[in-house]
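Everything on this sheet refers to the single structure shown next.
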Amino acid sequence: MTNVLIVGSGPTGLTLGIELARRGVAFRIVERSSGPAEGVRGKGLQPRTLEVFDDLGVIDEILATGSAYPPLRSYQGEQVVWEGRMDEPREPSPGVPYPNLVMQPQWRTERILRDRLAELGGHVEYGAGVTAVEQDAESVTATLATGERVRCSHLVAADGGRSTVRKLLGVGFLGDTYESDRAVLADVRTRDLDRDHWHLWGDMAAKVLHVSLCPLPGTDVFQLVAPYTGEDDPRRILAEHAPHVTLDEVIWRSEYRVNVRMAERFRVGRVFLAGDAAHVHSPAGGQGLNTGVQDAYNLGWKLALGGERLLDTYEHERMEVAADVLGLSTRLYREREHKRGGETDQLAIGYTDSPLSVGERGGERLGGPFDAQRGTHFTLLAATGRDYGDAVRVHPPLDGRQGVILVRPDGYIGYHGDESGLSAYLSGWGIAAPLASAR
């Protein structure tokens with residue numbers, strides 16, 4: 001029996017696959033499409049996501065092939081009328097090693113994650129969407145489009161905003177679709193613009209955008225975005241607002257409507273919802289892809305340990321985060337604000353009210369030391385002589401403050417307090433138990 005069936009091969013599903021693969025958990029990833037997705041779609045990787053990618057072993061390629069966001073340049077026709085930046089660059093620090101947003105086309109992010117998955121022995125099964133789901137107290141059985149029936153211990157739906165699994169479960173998807181806010185999205189080539197700026201036509205003072213062309217790193221492609229006003233041909237859109245810019249090629253195009261929705265539940269028995277299957281956002285603030293990666297990073301280690309009480313904390317922790325992020329992205333969208341600050345980097349997200357969080361700093365993101373945290377283990381910051389087994393690695397305390405700090409595999413503090421209470425915490429959550437004195 002497969003331990004975990006992952007439905008969907010976007011960033012959420014691939015991140016979860018890598019998490020399970022490096023923990024030795026048997027899994028399969030099935031995808032209804034016939035091959036990898038095309039088009040740029042999400043292109044911004046937030047600082048917290050970069051920390052996750054460091055732990056997953058893909059950060060070097062992400063940084064080598066990505067770039068900082070270019071400065072904005074606004075025009076009226078051919079005349080430059082304004083220049084500025086979305087955010088001022090920040091210097092790395094021990095607690096925030098990746099402080100700046102990185103631009104990376106989503107297709108390349110997915111390719112990098114697929115390559116890492118392959119290194120760990122995993123792969124995506126294309127043309128194998130789910131058509132039916134049944135479950136009982138012991139397992140889930142999914143029927144694939146190929147006719148195969150797959151029995152698994154748990155199923156994770158990471159199959160997008162139109163999630164088949166969510167619909168099969170009858171889980172409501174609450175929120176709004178902004179029918180009047182439609183946009184044209186396209187990948188295009190042109191030789192008429194420099195690749196050092198993000199080019200925009202509109203009235204920036206009034207926060208009105210007509211069309212934008214953003215150069216994508218490591219390519220000769222621009223991403224075109226324009227509000228849909230009855231015209232979906234990128235060439236005609238540019239002819240109206242920037243007639244001096246000629247498109248040499250339209251590689252891919254799509255149309256989307258702004259949806260702001262969240263599932264009523266993130267867990268139904270042995271089935272979990274993650275990524276866009278659980279929540280969809282406006283594009284403002286670059287939160288959608290990043291929030292899905294965090295869902296997977298939160299869920300992976302819990303699936304590996306497998307306790308039902310522990311698995312319940314996924315819904316508790318991630319539903320609250322998703323609701324907050326939906327509120328943030330909606331506000332940024334309504335304000336049409338191009339400036340970005342710390343509120344979008346996801347570094348302040350925590351789980352302070354989670355049942356997993358104990359003590360003064362319980363639920364906080366630890367930050368550094370990252371070298372001690374890389375891997376699948378818990379990290380115990382303490383001057384201790386006890387051995388807590390392979391699941392927990394001991395590291396010297398950061399400072400002289402009283403108490404020990406147990407850091408979860410996803411980088412958040414689980415326990416902060418006296419070491420005398422740590423054993424009960426570990427055994428209570430099915431994590432580990434002290435073996436003996438290390439002295």
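If you're wondering about the labels, chains in the structure tokens are A, B, ... by order shown, residues count from 1 in each chain, ligands from 1 in order shown.
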Exercise. For segment 295-300 of chain A, work out the shell of residues within 8 Å, counting only C-alpha atoms and skipping chain neighbours fewer than 2 positions away, then give it as a PyMOL selection string.
Key: chain A and resi 12-13+15-16+19-20+52+274-275+291-293+302-304+311+314+318+410
Residues from last step as file, C-alpha atoms, as an mmCIF file, in the first residue's frame:
```
data_model
loop_
_atom_site.group_PDB
_atom_site.id
_atom_site.type_symbol
_atom_site.label_atom_id
_atom_site.label_comp_id
_atom_site.auth_asym_id
_atom_site.auth_seq_id
_atom_site.Cartn_x
_atom_site.Cartn_y
_atom_site.Cartn_z
ATOM 1 C CA THR A 12 2.869 22.319 -3.464
ATOM 2 C CA GLY A 13 2.763 18.696 -4.598
ATOM 3 C CA THR A 15 7.540 20.181 -2.272
ATOM 4 C CA LEU A 16 5.551 17.561 -0.396
ATOM 5 C CA GLU A 19 9.722 16.167 1.949
ATOM 6 C CA LEU A 20 8.397 12.603 1.999
ATOM 7 C CA VAL A 52 12.417 26.147 2.753
ATOM 8 C CA ALA A 274 -3.076 21.964 0.341
ATOM 9 C CA GLY A 275 -2.060 24.852 -1.899
ATOM 10 C CA THR A 291 1.637 29.739 0.842
ATOM 11 C CA GLY A 292 1.228 26.387 -0.915
ATOM 12 C CA VAL A 293 4.904 25.575 -0.391
ATOM 13 C CA LYS A 302 3.665 15.275 10.251
ATOM 14 C CA LEU A 303 2.728 12.652 7.660
ATOM 15 C CA ALA A 304 6.102 11.007 8.216
ATOM 16 C CA LEU A 311 -1.899 15.462 11.769
ATOM 17 C CA TYR A 314 -2.073 20.842 10.071
ATOM 18 C CA ARG A 318 -2.577 26.371 8.200
ATOM 19 C CA ASP A 410 9.837 23.178 9.642
#
```
Exercise. Please identify all polymer residues within 8 Å of segment 206-218 of chain A, counting only C-alpha atoms, omitting same-chain residues fewer than 6 positions from it, and present them as a list in words.
Key: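 The contact residues come out as Thr65, Gly66, Ser67, Met103, Gln104, Pro105, Arg195, Asp196, His197, Trp198, His199, Leu200, Leu224, Val225, Ala226, Pro227, Ile237, Leu238, His241, Arg336 and Glu337 of chain A.
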Practice problem: Name all residues at most 8 Å from His316 of chain A (count only C-alpha atoms; drop same-chain ones fewer than 4 positions away) and give them as an MDAnalysis selection string. | Solution: chainID A and resid 312 320 354
Save out the residues we just selected, N, CA and C atoms, as a CSV table (one decimal), in the first residue's frame.
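This is the output file out-v6.csv:
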```
chain,number,residue,atom,x,y,z
A,312,ASP,N,-3.8,16.4,13.0
A,312,ASP,CA,-4.9,17.4,13.1
A,312,ASP,C,-4.3,18.8,13.2
A,320,GLU,N,-5.6,29.1,9.8
A,320,GLU,CA,-5.4,30.5,10.3
A,320,GLU,C,-4.5,31.3,9.4
A,354,SER,N,-1.1,27.3,18.4
A,354,SER,CA,-1.2,25.9,18.1
A,354,SER,C,-1.1,25.0,19.3
```
Practice problem: Have a look at A:Asp194, A:Asp87, A:Asp187, A:Glu308 and name the one nearest to Asp248 of chain A; count only C-alpha atoms. | Solution: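 The answer is A:Asp187, which sits nearest to Asp248 of chain A.
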Self-check item: Ser33 of chain A surroundings by only C-alpha atoms, 10 Å radius, close-in-sequence under 5 positions cut, as JSON, numbers by chain
Solution: {"A": [8, 9, 125, 126, 127, 128, 129]}
